Amino acid sequence: MKNKKEDVKEIVKVDEEIKKDQKKEEIEINNIEDEIQGIVDGCINCGLCKSLCPVFKIMEEEYYSPRGKAIMFSERFIDKIVFECNLCKACEQKCPLKIKVWEAVRNAREVLNLKGKELEANKEMMDNIRQTGNPFGKGDKKTDKLYCC
């Protein structure tokens, strides 16, 4: 039977492991945020990317454009409108400097996921894939090997 000292030592050990994991996650988030900054820092805000962006063509608001995203990312607003991009890479094709705004968007989504701020629909889809092997949750096929998540 354990005594109180052993219980306290075990609790402290678990707490230290949790703090270590949280610190690793913070470092990972900071590294990804720095990658985002590195991607958009080269943007000269010319706006040529807007002409091919399918999301901007529909939404017709600057902040939905690749340039708008680059500006927001440069100001470290990574949790705004990152899901209003289909990652088609059209912006990179039109950009004279080949800025990969789509990659910054993908990285921003990863940061939000690490912070626990992912979309409910995305969580549901991931759970469905894990449970049934497909994003729709239909069927009872369970699999140990997943290729997406």
# chains A, B, ... in the order shown; residues from 1 in each chain; ligands from 1
>>> select_by_dssp(residues="segment 32-104 of chain A", states="alpha helix (DSSP H)", output="NGL selection string")
:A and (32-40 or 54-59 or 66-74 or 90-94 or 101-104)
>>> closest_atom_pairs(of="segment 3-53 of chain A", to="segment 63-85 of chain A", cutoff="9 Å", atoms="only C-alpha atoms", output="tab-separated table")
residue	atom	partner	partner_atom	distance
A:Glu33	CA	A:Arg76	CA	8.0
A:Ile36	CA	A:Phe73	CA	7.1
A:Gln37	CA	A:Ser74	CA	6.0
A:Ile39	CA	A:Ala70	CA	8.6
A:Val40	CA	A:Ala70	CA	5.4
A:Asp41	CA	A:Ser74	CA	6.7
A:Cys43	CA	A:Ala70	CA	7.1
A:Ile44	CA	A:Arg67	CA	8.9
A:Asn45	CA	A:Arg67	CA	6.0
A:Cys46	CA	A:Arg67	CA	7.8
A:Gly47	CA	A:Arg67	CA	5.9
A:Leu48	CA	A:Arg67	CA	8.5
A:Cys49	CA	A:Pro66	CA	6.2
A:Lys50	CA	A:Ser65	CA	5.7
A:Cys53	CA	A:Ser65	CA	6.8
>>> write_last_selection(atoms="C-alpha atoms", output="PDB file, in the first residue's frame")
ATOM      1  CA  GLU A  33       3.892  30.474 -36.656  1.00  0.00           C
ATOM      2  CA  ILE A  36       3.967  31.255 -41.607  1.00  0.00           C
ATOM      3  CA  GLN A  37       5.768  34.568 -41.130  1.00  0.00           C
ATOM      4  CA  ILE A  39       6.236  32.508 -46.086  1.00  0.00           C
ATOM      5  CA  VAL A  40       4.298  35.789 -46.141  1.00  0.00           C
ATOM      6  CA  ASP A  41       7.195  38.144 -45.342  1.00  0.00           C
ATOM      7  CA  CYS A  43       4.749  39.322 -50.187  1.00  0.00           C
ATOM      8  CA  ILE A  44       4.853  42.739 -51.851  1.00  0.00           C
ATOM      9  CA  ASN A  45       1.037  43.108 -51.756  1.00  0.00           C
ATOM     10  CA  CYS A  46       0.730  43.555 -55.513  1.00  0.00           C
ATOM     11  CA  GLY A  47      -2.611  41.718 -55.609  1.00  0.00           C
ATOM     12  CA  LEU A  48      -1.953  39.701 -58.771  1.00  0.00           C
ATOM     13  CA  CYS A  49      -2.895  36.570 -56.823  1.00  0.00           C
ATOM     14  CA  LYS A  50      -6.499  37.743 -56.553  1.00  0.00           C
ATOM     15  CA  CYS A  53      -8.326  32.854 -56.534  1.00  0.00           C
TER      16      CYS A  53
END
>>> closest_residue(among="A:Met59, A:Ile29, A:Ile11, A:Leu97", to="Leu112 of chain A", atoms="only C-alpha atoms")
A:Ile29
>>> residues_around(residues="segment 120-124 of chain A", least_positions_apart="5", cutoff="9 Å", atoms="only C-alpha atoms", output="list of chain:residue names")
A:Ile129, A:Pro135, A:Phe136, A:Gly137
>>> closest_residue(among="A:Ile58, A:Met126, A:Cys91, A:Leu119", to="Ala104 of chain A", atoms="only C-alpha atoms")
A:Cys91
>>> closest_residue(among="A:Thr132, A:Lys13, A:Cys88, A:Glu6", to="Lys100 of chain A", atoms="only C-alpha atoms")
A:Cys88
>>> decode(residues="segment 48-76 of chain A", atoms="N, CA and C atoms", output="mmCIF file, in the first residue's frame")
data_model
loop_
_atom_site.group_PDB
_atom_site.id
_atom_site.type_symbol
_atom_site.label_atom_id
_atom_site.label_comp_id
_atom_site.auth_asym_id
_atom_site.auth_seq_id
_atom_site.Cartn_x
_atom_site.Cartn_y
_atom_site.Cartn_z
ATOM 1 N N LEU A 48 -1.782 40.522 -57.573
ATOM 2 C CA LEU A 48 -1.953 39.701 -58.771
ATOM 3 C C LEU A 48 -2.582 38.344 -58.445
ATOM 4 N N CYS A 49 -2.362 37.868 -57.262
ATOM 5 C CA CYS A 49 -2.895 36.570 -56.823
ATOM 6 C C CYS A 49 -4.425 36.541 -56.823
ATOM 7 N N LYS A 50 -5.033 37.683 -56.657
ATOM 8 C CA LYS A 50 -6.499 37.743 -56.553
ATOM 9 C C LYS A 50 -7.204 37.311 -57.828
ATOM 10 N N SER A 51 -6.566 37.526 -58.961
ATOM 11 C CA SER A 51 -7.244 37.270 -60.236
ATOM 12 C C SER A 51 -7.562 35.793 -60.464
ATOM 13 N N LEU A 52 -6.801 34.897 -59.875
ATOM 14 C CA LEU A 52 -7.044 33.472 -60.065
ATOM 15 C C LEU A 52 -7.710 32.794 -58.867
ATOM 16 N N CYS A 53 -7.807 33.470 -57.765
ATOM 17 C CA CYS A 53 -8.326 32.854 -56.534
ATOM 18 C C CYS A 53 -9.832 32.601 -56.641
ATOM 19 N N PRO A 54 -10.248 31.329 -56.618
ATOM 20 C CA PRO A 54 -11.678 31.035 -56.742
ATOM 21 C C PRO A 54 -12.493 31.492 -55.535
ATOM 22 N N VAL A 55 -11.901 31.495 -54.368
ATOM 23 C CA VAL A 55 -12.622 31.957 -53.172
ATOM 24 C C VAL A 55 -12.861 33.461 -53.261
ATOM 25 N N PHE A 56 -11.844 34.212 -53.648
ATOM 26 C CA PHE A 56 -12.001 35.661 -53.787
ATOM 27 C C PHE A 56 -13.027 36.002 -54.865
ATOM 28 N N LYS A 57 -13.049 35.244 -55.953
ATOM 29 C CA LYS A 57 -14.008 35.496 -57.033
ATOM 30 C C LYS A 57 -15.455 35.386 -56.545
ATOM 31 N N ILE A 58 -15.702 34.512 -55.603
ATOM 32 C CA ILE A 58 -17.050 34.340 -55.060
ATOM 33 C C ILE A 58 -17.327 35.326 -53.922
ATOM 34 N N MET A 59 -16.397 35.441 -53.003
ATOM 35 C CA MET A 59 -16.623 36.247 -51.798
ATOM 36 C C MET A 59 -16.455 37.752 -52.047
ATOM 37 N N GLU A 60 -15.576 38.129 -52.959
ATOM 38 C CA GLU A 60 -15.345 39.517 -53.343
ATOM 39 C C GLU A 60 -15.026 40.454 -52.177
ATOM 40 N N GLU A 61 -14.332 39.940 -51.197
ATOM 41 C CA GLU A 61 -13.865 40.751 -50.069
ATOM 42 C C GLU A 61 -12.353 40.559 -49.965
ATOM 43 N N GLU A 62 -11.639 41.651 -49.765
ATOM 44 C CA GLU A 62 -10.171 41.608 -49.765
ATOM 45 C C GLU A 62 -9.594 40.581 -48.792
ATOM 46 N N TYR A 63 -10.165 40.463 -47.615
ATOM 47 C CA TYR A 63 -9.565 39.559 -46.634
ATOM 48 C C TYR A 63 -9.719 38.089 -47.013
ATOM 49 N N TYR A 64 -10.540 37.763 -48.003
ATOM 50 C CA TYR A 64 -10.625 36.392 -48.508
ATOM 51 C C TYR A 64 -9.576 36.116 -49.587
ATOM 52 N N SER A 65 -8.969 37.159 -50.089
ATOM 53 C CA SER A 65 -7.971 37.000 -51.146
ATOM 54 C C SER A 65 -6.656 36.501 -50.552
ATOM 55 N N PRO A 66 -5.793 35.933 -51.389
ATOM 56 C CA PRO A 66 -4.478 35.525 -50.888
ATOM 57 C C PRO A 66 -3.692 36.709 -50.315
ATOM 58 N N ARG A 67 -3.808 37.861 -50.954
ATOM 59 C CA ARG A 67 -3.127 39.042 -50.425
ATOM 60 C C ARG A 67 -3.677 39.410 -49.052
ATOM 61 N N GLY A 68 -4.991 39.363 -48.903
ATOM 62 C CA GLY A 68 -5.610 39.654 -47.607
ATOM 63 C C GLY A 68 -5.140 38.680 -46.526
ATOM 64 N N LYS A 69 -5.037 37.417 -46.890
ATOM 65 C CA LYS A 69 -4.546 36.421 -45.933
ATOM 66 C C LYS A 69 -3.091 36.702 -45.569
ATOM 67 N N ALA A 70 -2.283 37.045 -46.579
ATOM 68 C CA ALA A 70 -0.869 37.348 -46.320
ATOM 69 C C ALA A 70 -0.737 38.528 -45.362
ATOM 70 N N ILE A 71 -1.560 39.546 -45.565
ATOM 71 C CA ILE A 71 -1.529 40.716 -44.675
ATOM 72 C C ILE A 71 -1.936 40.317 -43.264
ATOM 73 N N MET A 72 -3.004 39.537 -43.160
ATOM 74 C CA MET A 72 -3.463 39.114 -41.833
ATOM 75 C C MET A 72 -2.419 38.234 -41.147
ATOM 76 N N PHE A 73 -1.797 37.328 -41.896
ATOM 77 C CA PHE A 73 -0.768 36.475 -41.310
ATOM 78 C C PHE A 73 0.441 37.291 -40.874
ATOM 79 N N SER A 74 0.786 38.321 -41.641
ATOM 80 C CA SER A 74 1.939 39.150 -41.262
ATOM 81 C C SER A 74 1.666 39.912 -39.970
ATOM 82 N N GLU A 75 0.391 40.137 -39.678
ATOM 83 C CA GLU A 75 0.005 40.784 -38.417
ATOM 84 C C GLU A 75 -0.291 39.753 -37.323
ATOM 85 N N ARG A 76 -0.012 38.483 -37.634
ATOM 86 C CA ARG A 76 -0.182 37.349 -36.701
ATOM 87 C C ARG A 76 -1.639 37.045 -36.355
#
